[in-house]
$ cat data17.pdb   # PDB, C-alpha atoms and all ligand atoms
ATOM      1  CA  MET R   1      86.923  17.361  14.650
ATOM      2  CA  ALA R   2      89.390  16.712  17.503
ATOM      3  CA  ASN R   3      90.585  19.730  19.532
ATOM      4  CA  THR R   4      94.389  19.657  19.145
ATOM      5  CA  PRO R   5      96.490  21.981  21.392
ATOM      6  CA  SER R   6      97.101  24.295  18.413
ATOM      7  CA  THR R   7      93.378  24.643  17.510
ATOM      8  CA  LEU R   8      92.557  25.276  21.187
ATOM      9  CA  LYS R   9      95.269  27.961  21.348
ATOM     10  CA  ARG R  10      94.004  29.580  18.141
ATOM     11  CA  GLY R  11      90.456  29.485  19.547
ATOM     12  CA  ARG R  12      91.618  31.265  22.716
ATOM     13  CA  HIS R  13      93.384  33.931  20.652
ATOM     14  CA  THR R  14      90.256  34.578  18.578
ATOM     15  CA  THR R  15      88.166  34.816  21.767
ATOM     16  CA  VAL R  16      90.557  37.459  23.143
ATOM     17  CA  ALA R  17      90.456  39.369  19.818
ATOM     18  CA  LEU R  18      86.631  39.325  19.870
ATOM     19  CA  LYS R  19      86.584  40.594  23.474
ATOM     20  CA  VAL R  20      89.035  43.393  22.646
ATOM     21  CA  ALA R  21      86.894  44.419  19.642
ATOM     22  CA  MET R  22      83.781  44.442  21.886
ATOM     23  CA  ALA R  23      85.631  46.477  24.522
ATOM     24  CA  ILE R  24      86.855  49.146  22.064
ATOM     25  CA  THR R  25      83.549  49.515  20.167
ATOM     26  CA  GLY R  26      81.597  49.535  23.461
ATOM     27  CA  LEU R  27      83.812  52.255  24.952
ATOM     28  CA  ILE R  28      83.441  54.402  21.802
ATOM     29  CA  PHE R  29      79.659  54.090  22.212
ATOM     30  CA  VAL R  30      79.904  55.032  25.898
ATOM     31  CA  LEU R  31      81.833  58.195  24.932
ATOM     32  CA  PHE R  32      79.073  59.032  22.435
ATOM     33  CA  VAL R  33      76.241  58.558  24.965
ATOM     34  CA  LEU R  34      78.074  60.624  27.606
ATOM     35  CA  PHE R  35      78.519  63.417  25.046
ATOM     36  CA  HIS R  36      74.846  63.087  23.949
ATOM     37  CA  MET R  37      73.651  63.152  27.580
ATOM     38  CA  TYR R  38      75.713  66.265  28.299
ATOM     39  CA  GLY R  39      74.244  67.922  25.183
ATOM     40  CA  ASN R  40      70.685  67.081  26.236
ATOM     41  CA  LEU R  41      71.276  68.839  29.577
ATOM     42  CA  LYS R  42      71.407  72.094  27.570
ATOM     43  CA  MET R  43      67.600  71.858  27.734
ATOM     44  CA  LEU R  44      67.931  73.177  31.294
ATOM     45  CA  MET R  45      69.367  76.407  29.826
ATOM     46  CA  GLY R  46      66.255  77.051  27.751
ATOM     47  CA  ALA R  47      65.007  76.704  24.184
ATOM     48  CA  GLU R  48      67.520  79.024  22.548
ATOM     49  CA  ALA R  49      70.593  77.323  24.050
ATOM     50  CA  TYR R  50      69.313  73.834  23.196
ATOM     51  CA  ASN R  51      68.246  74.693  19.620
ATOM     52  CA  HIS R  52      71.600  76.380  19.030
ATOM     53  CA  TYR R  53      73.385  73.242  20.229
ATOM     54  CA  ALA R  54      71.136  70.950  18.083
ATOM     55  CA  TYR R  55      71.897  73.108  15.036
ATOM     56  CA  PHE R  56      75.642  72.979  15.771
ATOM     57  CA  LEU R  57      75.527  69.176  16.100
ATOM     58  CA  GLN R  58      73.700  68.667  12.803
ATOM     59  CA  ASN R  59      75.622  71.243  10.750
ATOM     60  CA  ASP R  60      78.895  72.393  12.266
ATOM     61  CA  LEU R  61      80.361  69.477  14.238
ATOM     62  CA  LEU R  62      84.144  69.454  13.484
ATOM     63  CA  TYR R  63      83.664  72.410  11.076
ATOM     64  CA  PRO R  64      85.903  73.791   9.431
ATOM     65  CA  ILE R  65      88.110  70.665   9.620
ATOM     66  CA  LEU R  66      85.258  68.883   7.822
ATOM     67  CA  PRO R  67      82.640  70.518   5.560
ATOM     68  CA  HIS R  68      79.198  71.432   6.969
ATOM     69  CA  LYS R  69      77.301  68.254   7.994
ATOM     70  CA  GLY R  70      80.553  66.239   7.573
ATOM     71  CA  GLY R  71      80.937  65.807  11.353
ATOM     72  CA  VAL R  72      77.489  64.335  11.930
ATOM     73  CA  TRP R  73      77.934  61.906   9.009
ATOM     74  CA  LEU R  74      81.356  60.827  10.266
ATOM     75  CA  MET R  75      79.793  60.206  13.694
ATOM     76  CA  ARG R  76      76.954  58.152  12.145
ATOM     77  CA  VAL R  77      79.371  55.970  10.137
ATOM     78  CA  VAL R  78      81.587  55.352  13.200
ATOM     79  CA  LEU R  79      78.579  54.547  15.438
ATOM     80  CA  LEU R  80      77.023  52.219  12.871
ATOM     81  CA  ALA R  81      80.337  50.374  12.411
ATOM     82  CA  CYS R  82      80.723  50.099  16.209
ATOM     83  CA  ILE R  83      77.214  48.678  16.691
ATOM     84  CA  LEU R  84      77.649  46.129  13.888
ATOM     85  CA  ILE R  85      81.069  44.975  15.162
ATOM     86  CA  HIS R  86      79.823  44.895  18.796
ATOM     87  CA  ILE R  87      76.754  42.775  17.956
ATOM     88  CA  THR R  88      78.645  40.401  15.632
ATOM     89  CA  CYS R  89      81.320  39.777  18.287
ATOM     90  CA  ALA R  90      78.653  39.290  20.984
ATOM     91  CA  PHE R  91      76.829  36.666  18.895
ATOM     92  CA  THR R  92      80.078  34.869  18.054
ATOM     93  CA  LEU R  93      81.143  34.785  21.726
ATOM     94  CA  TRP R  94      77.717  33.507  22.907
ATOM     95  CA  HIS R  95      77.837  30.803  20.278
ATOM     96  CA  ARG R  96      81.317  29.741  21.417
ATOM     97  CA  ALA R  97      80.347  29.861  25.115
ATOM     98  CA  GLY R  98      77.284  27.706  24.333
ATOM     99  CA  GLU R  99      79.446  25.136  22.572
ATOM    100  CA  ALA R 100      81.971  25.084  25.431
ATOM    101  CA  ARG R 101      79.204  24.660  28.039
ATOM    102  CA  GLY R 102      77.618  21.836  26.087
ATOM    103  CA  SER R 103      80.847  19.870  25.901
ATOM    104  CA  LYS R 104      82.808  20.705  29.038
ATOM    105  CA  TYR R 105      80.923  21.937  32.083
ATOM    106  CA  LYS R 106      78.496  19.518  33.609
ATOM    107  CA  VAL R 107      78.572  20.922  37.145
ATOM    108  CA  ASP R 108      76.392  23.955  37.950
ATOM    109  CA  THR R 109      78.846  25.981  40.059
ATOM    110  CA  GLY R 110      78.164  29.355  41.727
ATOM    111  CA  VAL R 111      80.629  31.065  39.385
ATOM    112  CA  LYS R 112      78.846  29.675  36.360
ATOM    113  CA  LYS R 113      75.461  30.832  37.712
ATOM    114  CA  HIS R 114      76.885  34.320  38.258
ATOM    115  CA  GLN R 115      78.347  34.427  34.729
ATOM    116  CA  THR R 116      75.074  33.186  33.256
ATOM    117  CA  TYR R 117      73.136  35.890  35.150
ATOM    118  CA  ALA R 118      75.478  38.651  33.883
ATOM    119  CA  SER R 119      75.472  37.429  30.296
ATOM    120  CA  ARG R 120      71.678  37.022  30.300
ATOM    121  CA  THR R 121      71.270  40.608  31.583
ATOM    122  CA  MET R 122      73.644  41.842  28.868
ATOM    123  CA  ARG R 123      71.765  39.881  26.214
ATOM    124  CA  TYR R 124      68.249  41.087  27.107
ATOM    125  CA  GLY R 125      69.533  44.586  27.876
ATOM    126  CA  GLY R 126      71.243  44.663  24.484
ATOM    127  CA  ILE R 127      68.015  43.656  22.723
ATOM    128  CA  ILE R 128      66.046  46.411  24.555
ATOM    129  CA  LEU R 129      68.744  48.903  23.517
ATOM    130  CA  ILE R 130      68.578  47.945  19.827
ATOM    131  CA  ALA R 131      64.760  48.285  19.890
ATOM    132  CA  PHE R 132      65.137  51.653  21.646
ATOM    133  CA  ILE R 133      67.737  52.979  19.177
ATOM    134  CA  ILE R 134      65.507  52.106  16.180
ATOM    135  CA  PHE R 135      62.462  53.772  17.833
ATOM    136  CA  HIS R 136      64.570  56.772  18.873
ATOM    137  CA  LEU R 137      66.070  57.407  15.410
ATOM    138  CA  LEU R 138      62.651  57.112  13.727
ATOM    139  CA  GLN R 139      61.275  59.568  16.296
ATOM    140  CA  PHE R 140      63.934  62.279  16.494
ATOM    141  CA  THR R 141      66.337  61.861  13.545
ATOM    142  CA  THR R 142      64.251  60.819  10.541
ATOM    143  CA  LEU R 143      61.041  62.283  12.100
ATOM    144  CA  THR R 144      59.151  59.292  10.655
ATOM    145  CA  PHE R 145      56.503  59.634  13.366
ATOM    146  CA  SER R 146      55.589  62.447  15.736
ATOM    147  CA  ILE R 147      54.242  61.897  19.258
ATOM    148  CA  GLY R 148      52.413  64.785  20.924
ATOM    149  CA  GLY R 149      52.272  67.092  17.870
ATOM    150  CA  ASP R 150      53.819  67.607  14.419
ATOM    151  CA  TYR R 151      57.635  67.541  14.813
ATOM    152  CA  HIS R 152      58.220  68.875  11.290
ATOM    153  CA  SER R 153      56.762  72.277  12.065
ATOM    154  CA  VAL R 154      58.722  72.987  15.300
ATOM    155  CA  GLU R 155      62.290  73.437  16.603
ATOM    156  CA  PRO R 156      64.176  70.523  18.324
ATOM    157  CA  PHE R 157      63.439  71.868  21.863
ATOM    158  CA  GLU R 158      59.689  71.880  21.203
ATOM    159  CA  ARG R 159      59.826  68.278  19.870
ATOM    160  CA  LEU R 160      61.173  67.070  23.213
ATOM    161  CA  VAL R 161      58.558  69.047  25.162
ATOM    162  CA  MET R 162      55.824  67.479  22.975
ATOM    163  CA  ALA R 163      57.264  63.962  23.316
ATOM    164  CA  PHE R 164      57.556  63.919  27.120
ATOM    165  CA  SER R 165      54.455  65.929  28.048
ATOM    166  CA  PRO R 166      52.261  64.211  30.720
ATOM    167  CA  GLN R 167      49.638  62.897  28.254
ATOM    168  CA  ASN R 168      52.453  60.873  26.617
ATOM    169  CA  TRP R 169      53.498  59.287  29.920
ATOM    170  CA  TRP R 170      54.114  55.987  28.086
ATOM    171  CA  VAL R 171      56.925  57.595  26.033
ATOM    172  CA  TYR R 172      58.504  58.639  29.338
ATOM    173  CA  ALA R 173      57.993  55.086  30.700
ATOM    174  CA  PHE R 174      59.607  53.554  27.605
ATOM    175  CA  TYR R 175      62.616  55.897  27.849
ATOM    176  CA  PHE R 176      62.870  55.171  31.595
ATOM    177  CA  ILE R 177      63.100  51.414  30.915
ATOM    178  CA  ALA R 178      65.518  51.873  27.980
ATOM    179  CA  ILE R 179      67.823  54.271  29.857
ATOM    180  CA  GLY R 180      67.687  51.874  32.839
ATOM    181  CA  ALA R 181      68.759  49.058  30.502
ATOM    182  CA  LEU R 182      71.506  51.309  29.105
ATOM    183  CA  ALA R 183      72.803  52.073  32.620
ATOM    184  CA  MET R 184      72.906  48.356  33.550
ATOM    185  CA  HIS R 185      74.547  47.454  30.237
ATOM    186  CA  VAL R 186      77.157  50.182  30.695
ATOM    187  CA  ARG R 187      77.801  49.193  34.340
ATOM    188  CA  HIS R 188      78.707  45.645  33.412
ATOM    189  CA  GLY R 189      80.133  46.505  29.969
ATOM    190  CA  VAL R 190      82.542  49.241  31.120
ATOM    191  CA  PHE R 191      83.872  47.007  33.887
ATOM    192  CA  SER R 192      84.369  44.077  31.470
ATOM    193  CA  ALA R 193      85.911  46.326  28.795
ATOM    194  CA  LEU R 194      88.406  47.878  31.235
ATOM    195  CA  ALA R 195      89.247  44.428  32.608
ATOM    196  CA  THR R 196      89.824  43.132  29.055
ATOM    197  CA  LEU R 197      92.005  46.094  28.067
ATOM    198  CA  GLY R 198      93.680  46.482  31.481
ATOM    199  CA  LEU R 199      94.769  42.821  31.575
ATOM    200  CA  ASP R 200      92.482  41.988  34.493
ATOM    201  CA  ARG R 201      94.679  42.896  37.459
ATOM    202  CA  ARG R 202      93.045  42.231  40.804
ATOM    203  CA  GLU R 203      94.331  45.507  42.318
ATOM    204  CA  ARG R 204      92.596  47.487  39.559
ATOM    205  CA  GLU R 205      89.205  45.872  40.157
ATOM    206  CA  PHE R 206      88.004  48.582  42.582
ATOM    207  CA  ALA R 207      88.955  51.417  40.200
ATOM    208  CA  PHE R 208      87.289  49.681  37.237
ATOM    209  CA  ASN R 209      84.112  49.132  39.261
ATOM    210  CA  LEU R 210      84.060  52.759  40.390
ATOM    211  CA  ILE R 211      84.464  54.085  36.817
ATOM    212  CA  ALA R 212      81.709  51.721  35.601
ATOM    213  CA  TRP R 213      79.283  52.854  38.337
ATOM    214  CA  ILE R 214      80.034  56.553  37.765
ATOM    215  CA  CYS R 215      79.358  56.212  33.998
ATOM    216  CA  ALA R 216      76.134  54.238  34.588
ATOM    217  CA  LEU R 217      74.706  56.603  37.230
ATOM    218  CA  ALA R 218      75.716  59.742  35.288
ATOM    219  CA  LEU R 219      73.981  58.378  32.170
ATOM    220  CA  PHE R 220      70.810  57.370  34.016
ATOM    221  CA  PHE R 221      70.298  60.606  35.947
ATOM    222  CA  GLY R 222      71.726  62.890  33.227
ATOM    223  CA  PHE R 223      69.529  61.441  30.462
ATOM    224  CA  MET R 224      66.360  61.216  32.595
ATOM    225  CA  LEU R 225      66.579  64.718  34.107
ATOM    226  CA  PRO R 226      65.215  66.763  31.124
ATOM    227  CA  PRO R 227      62.318  64.326  30.346
ATOM    228  CA  THR R 228      61.410  64.187  34.075
ATOM    229  CA  MET R 229      61.367  67.987  34.295
ATOM    230  CA  ILE R 230      59.146  68.151  31.192
ATOM    231  CA  LEU R 231      56.795  65.508  32.658
ATOM    232  CA  PHE R 232      56.374  67.594  35.831
ATOM    233  CA  GLY R 233      55.958  70.872  33.934
ATOM    234  CA  LEU R 234      59.338  72.301  35.036
ATOM    235  CA  ILE R 235      60.472  72.694  31.405
ATOM    236  CA  SER R 236      57.875  73.910  28.899
TER     237      SER R 236
HETATM  238  C1  LIG U   1      66.331  60.671  27.519
HETATM  239  C2  LIG U   1      67.155  60.193  26.631
HETATM  240  C3  LIG U   1      67.391  60.758  25.249
HETATM  241  C4  LIG U   1      66.858  61.868  24.641
HETATM  242  C5  LIG U   1      65.882  62.867  25.207
HETATM  243  C6  LIG U   1      67.452  61.957  23.329
HETATM  244  C7  LIG U   1      67.172  62.924  22.392
HETATM  245  C8  LIG U   1      67.646  62.951  21.088
HETATM  246  C9  LIG U   1      67.312  63.935  20.091
HETATM  247  C10 LIG U   1      66.353  65.098  20.317
HETATM  248  C11 LIG U   1      67.985  63.626  18.966
HETATM  249  C12 LIG U   1      67.981  64.404  17.637
HETATM  250  C13 LIG U   1      69.025  65.476  17.698
HETATM  251  C14 LIG U   1      68.819  66.429  16.540
HETATM  252  O1  LIG U   1      69.234  66.074  15.453
HETATM  253  O2  LIG U   1      68.227  67.475  16.736
HETATM  254  C15 LIG U   1      68.761  62.431  19.220
HETATM  255  C16 LIG U   1      69.572  61.801  18.315
HETATM  256  C17 LIG U   1      70.232  60.621  18.550
HETATM  257  N1  LIG U   1      70.240  59.909  19.714
HETATM  258 FE1  LIG U   1      69.289  60.399  21.416
HETATM  259  N2  LIG U   1      68.312  60.903  23.155
HETATM  260  C18 LIG U   1      68.291  60.133  24.301
HETATM  261  C19 LIG U   1      68.999  58.975  24.550
HETATM  262  C20 LIG U   1      69.755  58.315  23.628
HETATM  263  C21 LIG U   1      70.450  57.076  23.867
HETATM  264  C22 LIG U   1      70.432  56.331  25.184
HETATM  265  C23 LIG U   1      71.088  56.743  22.702
HETATM  266  C24 LIG U   1      71.935  55.549  22.387
HETATM  267  C25 LIG U   1      71.904  54.419  23.033
HETATM  268  C26 LIG U   1      70.802  57.771  21.734
HETATM  269  C27 LIG U   1      71.267  57.789  20.456
HETATM  270  C28 LIG U   1      71.018  58.782  19.530
HETATM  271  C29 LIG U   1      71.527  58.782  18.189
HETATM  272  C30 LIG U   1      72.442  57.704  17.561
HETATM  273  C31 LIG U   1      71.042  59.937  17.575
HETATM  274  C32 LIG U   1      71.239  60.337  16.099
HETATM  275  C33 LIG U   1      72.239  61.414  15.891
HETATM  276  C34 LIG U   1      72.227  61.693  14.398
HETATM  277  O3  LIG U   1      72.579  60.805  13.645
HETATM  278  O4  LIG U   1      71.820  62.773  14.003
HETATM  279  N3  LIG U   1      70.001  58.716  22.318
HETATM  280  N4  LIG U   1      68.539  62.051  20.520
END

$ encode --input "data17.pdb" --output "structure tokens"
Amino acid sequence: MANTPSTLKRGRHTTVALKVAMAITGLIFVLFVLFHMYGNLKMLMGAEAYNHYAYFLQNDLLYPILPHKGGVWLMRVVLLACILIHITCAFTLWHRAGEARGSKYKVDTGVKKHQTYASRTMRYGGIILIAFIIFHLLQFTTLTFSIGGDYHSVEPFERLVMAFSPQNWWVYAFYFIAIGALAMHVRHGVFSALATLGLDRREREFAFNLIAWICALALFFGFMLPPTMILFGLIS
């Protein structure tokens, strides 16, 4: 089918809508992981503080505005919707970019190489993250498997100490790679999302980059601190 000016214009509008949807759902997820990372740091305050927090999260989040357990279910529904929208938009945009490359760009410019590198990192990083999230939920939310001891018979704090103890160094290694992938994904994703929503002004580029780096570094070091302390016997 021939590309008339009106179909091209419509195509551009849909691309912008997809990018805005990716930006909003991605930023909601970033807020969740920052909140989750901050919560995990309660491990540094000891078993009682962390278990109290874990109980609050599961039972009393947004209580009494919502009934007991209503908050955690609301959060799950929002996160699931965000992931599904984010992935669907990503696939649609890749498909469109592939079509455009096939038909239009024959010259391998530096800009194109840079874009390809970023999108490839986002793609593989995204796949690692999905695999991690599935593993993570089966491990700590549904307790489908236990690593390092029986999770059903202990409190949340003890589960983390079992999971990241030195004999399970591979669990630590897997989390290290996944949190590394998360940090890289967030670094590029936050910058792109802010650029999409902030109408891509050149004078805002520095601020957007700074915010993206701060989020990525805070997530990497904040998430990895408790497991690293457990690995070295500083939390037990
Ligand atoms: C070192 C890194 C992390 C640790 C130690 C950790 C630990 C935990 C624990 C212990 C729980 C269960 C909380 C409870 O119910 O008691 C949990 C739940 C969860 N985590 Fe993580 N987490 C980490 C990183 C992440 C990351 C990077 C993501 C997302 C990309 C994530 C997403 C979730 C989700 C969606 C839940 C389920 C909440 C629910 O539905 O109840 N976590 N995490």

$ residues_near_ligand --input "data17.pdb" --ligand "ligand LIG 1 (chain U)" --cutoff "7 Å" --atoms "all atoms listed in the file" --output "VMD selection string"
chain R and resid 33 36 to 37 40 54 to 55 58 72 76 129 133 136 to 137 140 to 141 156 160 175 179 182 223 to 224 227

$ write_last_selection --input "data17.pdb" --atoms "C-alpha atoms" --output "mmCIF file, in the coordinates of the input"
data_model
loop_
_atom_site.group_PDB
_atom_site.id
_atom_site.type_symbol
_atom_site.label_atom_id
_atom_site.label_comp_id
_atom_site.auth_asym_id
_atom_site.auth_seq_id
_atom_site.Cartn_x
_atom_site.Cartn_y
_atom_site.Cartn_z
ATOM 1 C CA VAL R 33 76.241 58.558 24.965
ATOM 2 C CA HIS R 36 74.846 63.087 23.949
ATOM 3 C CA MET R 37 73.651 63.152 27.580
ATOM 4 C CA ASN R 40 70.685 67.081 26.236
ATOM 5 C CA ALA R 54 71.136 70.950 18.083
ATOM 6 C CA TYR R 55 71.897 73.108 15.036
ATOM 7 C CA GLN R 58 73.700 68.667 12.803
ATOM 8 C CA VAL R 72 77.489 64.335 11.930
ATOM 9 C CA ARG R 76 76.954 58.152 12.145
ATOM 10 C CA LEU R 129 68.744 48.903 23.517
ATOM 11 C CA ILE R 133 67.737 52.979 19.177
ATOM 12 C CA HIS R 136 64.570 56.772 18.873
ATOM 13 C CA LEU R 137 66.070 57.407 15.410
ATOM 14 C CA PHE R 140 63.934 62.279 16.494
ATOM 15 C CA THR R 141 66.337 61.861 13.545
ATOM 16 C CA PRO R 156 64.176 70.523 18.324
ATOM 17 C CA LEU R 160 61.173 67.070 23.213
ATOM 18 C CA TYR R 175 62.616 55.897 27.849
ATOM 19 C CA ILE R 179 67.823 54.271 29.857
ATOM 20 C CA LEU R 182 71.506 51.309 29.105
ATOM 21 C CA PHE R 223 69.529 61.441 30.462
ATOM 22 C CA MET R 224 66.360 61.216 32.595
ATOM 23 C CA PRO R 227 62.318 64.326 30.346
#

$ closest_residue --input "data17.pdb" --among "R:Leu66, R:Leu234, R:Ile211, R:Ile130" --to "Leu80 of chain R" --atoms "all atoms listed in the file"
R:Ile130

$ atom_distance --input "data17.pdb" --atom1 "atom CA of Gly198 of chain R" --atom2 "atom CA of Ile128 of chain R"
28.5 Å

$ atom_distance --input "data17.pdb" --atom1 "atom CA of Arg204 of chain R" --atom2 "atom CA of Ser192 of chain R"
12.0 Å

$ resolve_selection --input "data17.pdb" --expression "the PyMOL selection byres (((chain R and resi 88-90) around 9) and not hetatm)" --output "list in words"
Leu18, Lys19, Ala21, Met22, Ile83, Leu84, Ile85, His86, Ile87, Phe91, Thr92, Leu93, Trp94, His95 and Arg123 of chain R

$ write_last_selection --input "data17.pdb" --atoms "C-alpha atoms" --output "compact mmCIF listing (two decimals), in the coordinates of the input"
# COMPACT_ATOMS: atom_id res chain seq x y z
CA LEU R 18 86.63 39.33 19.87
CA LYS R 19 86.58 40.59 23.47
CA ALA R 21 86.89 44.42 19.64
CA MET R 22 83.78 44.44 21.89
CA ILE R 83 77.21 48.68 16.69
CA LEU R 84 77.65 46.13 13.89
CA ILE R 85 81.07 44.98 15.16
CA HIS R 86 79.82 44.90 18.80
CA ILE R 87 76.75 42.78 17.96
CA PHE R 91 76.83 36.67 18.90
CA THR R 92 80.08 34.87 18.05
CA LEU R 93 81.14 34.78 21.73
CA TRP R 94 77.72 33.51 22.91
CA HIS R 95 77.84 30.80 20.28
CA ARG R 123 71.76 39.88 26.21

$ resolve_selection --input "data17.pdb" --expression "the PyMOL selection byres (((chain R and resi 196) around 12) and not hetatm)" --output "PyMOL selection string"
chain R and resi 15-24+26-27+189-195+197-201+204-205+208

$ atom_distance --input "data17.pdb" --atom1 "atom CA of Ala131 of chain R" --atom2 "atom CA of Thr228 of chain R"
21.6 Å

$ residues_around --input "data17.pdb" --residues "Glu158 of chain R" --least-positions-apart "2" --cutoff "12 Å" --atoms "only C-alpha atoms" --output "list in words"
Met43, Gly46, Ala47, Glu48, Tyr50, Asn51, Ala54, Phe140, Ser146, Ile147, Gly148, Gly149, Asp150, Tyr151, His152, Ser153, Val154, Glu155, Pro156, Leu160, Val161, Met162, Ala163, Phe164, Ser165, Ile230, Ile235 and Ser236 of chain R

$ residues_around --input "data17.pdb" --residues "Val78 of chain R" --least-positions-apart "6" --cutoff "10 Å" --atoms "only C-alpha atoms" --output "JSON, numbers by chain"
{"R": [25, 28, 29, 72]}

$ residues_near_point --input "data17.pdb" --point "(64.0, 56.9, 33.7)" --cutoff "12 Å" --atoms "only C-alpha atoms" --output "PDB file with C-alpha atoms, in the coordinates of the input"
ATOM      1  CA  PHE R 164      57.556  63.919  27.120  1.00  0.00           C
ATOM      2  CA  TRP R 169      53.498  59.287  29.920  1.00  0.00           C
ATOM      3  CA  TRP R 170      54.114  55.987  28.086  1.00  0.00           C
ATOM      4  CA  VAL R 171      56.925  57.595  26.033  1.00  0.00           C
ATOM      5  CA  TYR R 172      58.504  58.639  29.338  1.00  0.00           C
ATOM      6  CA  ALA R 173      57.993  55.086  30.700  1.00  0.00           C
ATOM      7  CA  PHE R 174      59.607  53.554  27.605  1.00  0.00           C
ATOM      8  CA  TYR R 175      62.616  55.897  27.849  1.00  0.00           C
ATOM      9  CA  PHE R 176      62.870  55.171  31.595  1.00  0.00           C
ATOM     10  CA  ILE R 177      63.100  51.414  30.915  1.00  0.00           C
ATOM     11  CA  ALA R 178      65.518  51.873  27.980  1.00  0.00           C
ATOM     12  CA  ILE R 179      67.823  54.271  29.857  1.00  0.00           C
ATOM     13  CA  GLY R 180      67.687  51.874  32.839  1.00  0.00           C
ATOM     14  CA  ALA R 181      68.759  49.058  30.502  1.00  0.00           C
ATOM     15  CA  LEU R 182      71.506  51.309  29.105  1.00  0.00           C
ATOM     16  CA  ALA R 183      72.803  52.073  32.620  1.00  0.00           C
ATOM     17  CA  LEU R 217      74.706  56.603  37.230  1.00  0.00           C
ATOM     18  CA  LEU R 219      73.981  58.378  32.170  1.00  0.00           C
ATOM     19  CA  PHE R 220      70.810  57.370  34.016  1.00  0.00           C
ATOM     20  CA  PHE R 221      70.298  60.606  35.947  1.00  0.00           C
ATOM     21  CA  GLY R 222      71.726  62.890  33.227  1.00  0.00           C
ATOM     22  CA  PHE R 223      69.529  61.441  30.462  1.00  0.00           C
ATOM     23  CA  MET R 224      66.360  61.216  32.595  1.00  0.00           C
ATOM     24  CA  LEU R 225      66.579  64.718  34.107  1.00  0.00           C
ATOM     25  CA  PRO R 226      65.215  66.763  31.124  1.00  0.00           C
ATOM     26  CA  PRO R 227      62.318  64.326  30.346  1.00  0.00           C
ATOM     27  CA  THR R 228      61.410  64.187  34.075  1.00  0.00           C
ATOM     28  CA  MET R 229      61.367  67.987  34.295  1.00  0.00           C
ATOM     29  CA  LEU R 231      56.795  65.508  32.658  1.00  0.00           C
TER      30      LEU R 231
END

$ axis_aligned_box --input "data17.pdb" --around "segment 55-70 of chain R" --padding-each-side "4 Å" --output "lines of an AutoDock Vina configuration file"
center_x = 80.0
center_y = 70.0
center_z = 10.8
size_x = 24.2
size_y = 15.6
size_z = 18.5

$ decode --input "data17.pdb" --residues "segment 28-68 of chain R" --atoms "C-alpha atoms" --output "PDB file, in the first residue's frame"
ATOM      1  CA  ILE R  28       5.444   4.199  37.256  1.00  0.00           C
ATOM      2  CA  PHE R  29       7.653   1.090  37.405  1.00  0.00           C
ATOM      3  CA  VAL R  30      10.687   3.197  38.346  1.00  0.00           C
ATOM      4  CA  LEU R  31       8.699   4.716  41.245  1.00  0.00           C
ATOM      5  CA  PHE R  32       7.800   1.188  42.384  1.00  0.00           C
ATOM      6  CA  VAL R  33      11.410  -0.079  42.279  1.00  0.00           C
ATOM      7  CA  LEU R  34      12.689   3.008  44.134  1.00  0.00           C
ATOM      8  CA  PHE R  35      10.053   2.424  46.829  1.00  0.00           C
ATOM      9  CA  HIS R  36      10.895  -1.329  46.933  1.00  0.00           C
ATOM     10  CA  MET R  37      14.638  -0.584  47.176  1.00  0.00           C
ATOM     11  CA  TYR R  38      14.058   1.867  50.024  1.00  0.00           C
ATOM     12  CA  GLY R  39      11.939  -0.762  51.817  1.00  0.00           C
ATOM     13  CA  ASN R  40      14.637  -3.417  51.421  1.00  0.00           C
ATOM     14  CA  LEU R  41      17.148  -1.096  53.126  1.00  0.00           C
ATOM     15  CA  LYS R  42      15.115  -1.635  56.323  1.00  0.00           C
ATOM     16  CA  MET R  43      17.118  -4.878  56.548  1.00  0.00           C
ATOM     17  CA  LEU R  44      19.974  -2.720  57.851  1.00  0.00           C
ATOM     18  CA  MET R  45      17.783  -1.867  60.871  1.00  0.00           C
ATOM     19  CA  GLY R  46      17.435  -5.513  61.865  1.00  0.00           C
ATOM     20  CA  ALA R  47      14.950  -8.373  61.637  1.00  0.00           C
ATOM     21  CA  GLU R  48      12.151  -6.761  63.622  1.00  0.00           C
ATOM     22  CA  ALA R  49      12.088  -3.535  61.578  1.00  0.00           C
ATOM     23  CA  TYR R  50      12.197  -5.412  58.260  1.00  0.00           C
ATOM     24  CA  ASN R  51       9.535  -7.998  59.208  1.00  0.00           C
ATOM     25  CA  HIS R  52       7.284  -5.209  60.473  1.00  0.00           C
ATOM     26  CA  TYR R  53       7.676  -3.392  57.154  1.00  0.00           C
ATOM     27  CA  ALA R  54       7.046  -6.620  55.130  1.00  0.00           C
ATOM     28  CA  TYR R  55       3.875  -7.232  57.152  1.00  0.00           C
ATOM     29  CA  PHE R  56       2.711  -3.640  56.580  1.00  0.00           C
ATOM     30  CA  LEU R  57       3.309  -3.961  52.821  1.00  0.00           C
ATOM     31  CA  GLN R  58       1.351  -7.207  52.505  1.00  0.00           C
ATOM     32  CA  ASN R  59      -1.542  -6.285  54.811  1.00  0.00           C
ATOM     33  CA  ASP R  60      -1.881  -2.592  55.574  1.00  0.00           C
ATOM     34  CA  LEU R  61      -0.675  -0.651  52.521  1.00  0.00           C
ATOM     35  CA  LEU R  62      -3.163   2.257  52.035  1.00  0.00           C
ATOM     36  CA  TYR R  63      -5.229   0.961  55.004  1.00  0.00           C
ATOM     37  CA  PRO R  64      -7.840   2.237  56.091  1.00  0.00           C
ATOM     38  CA  ILE R  65      -8.535   3.929  52.723  1.00  0.00           C
ATOM     39  CA  LEU R  66      -8.603   0.399  51.281  1.00  0.00           C
ATOM     40  CA  PRO R  67      -9.419  -2.811  53.197  1.00  0.00           C
ATOM     41  CA  HIS R  68      -6.585  -5.014  54.532  1.00  0.00           C
TER      42      HIS R  68
END
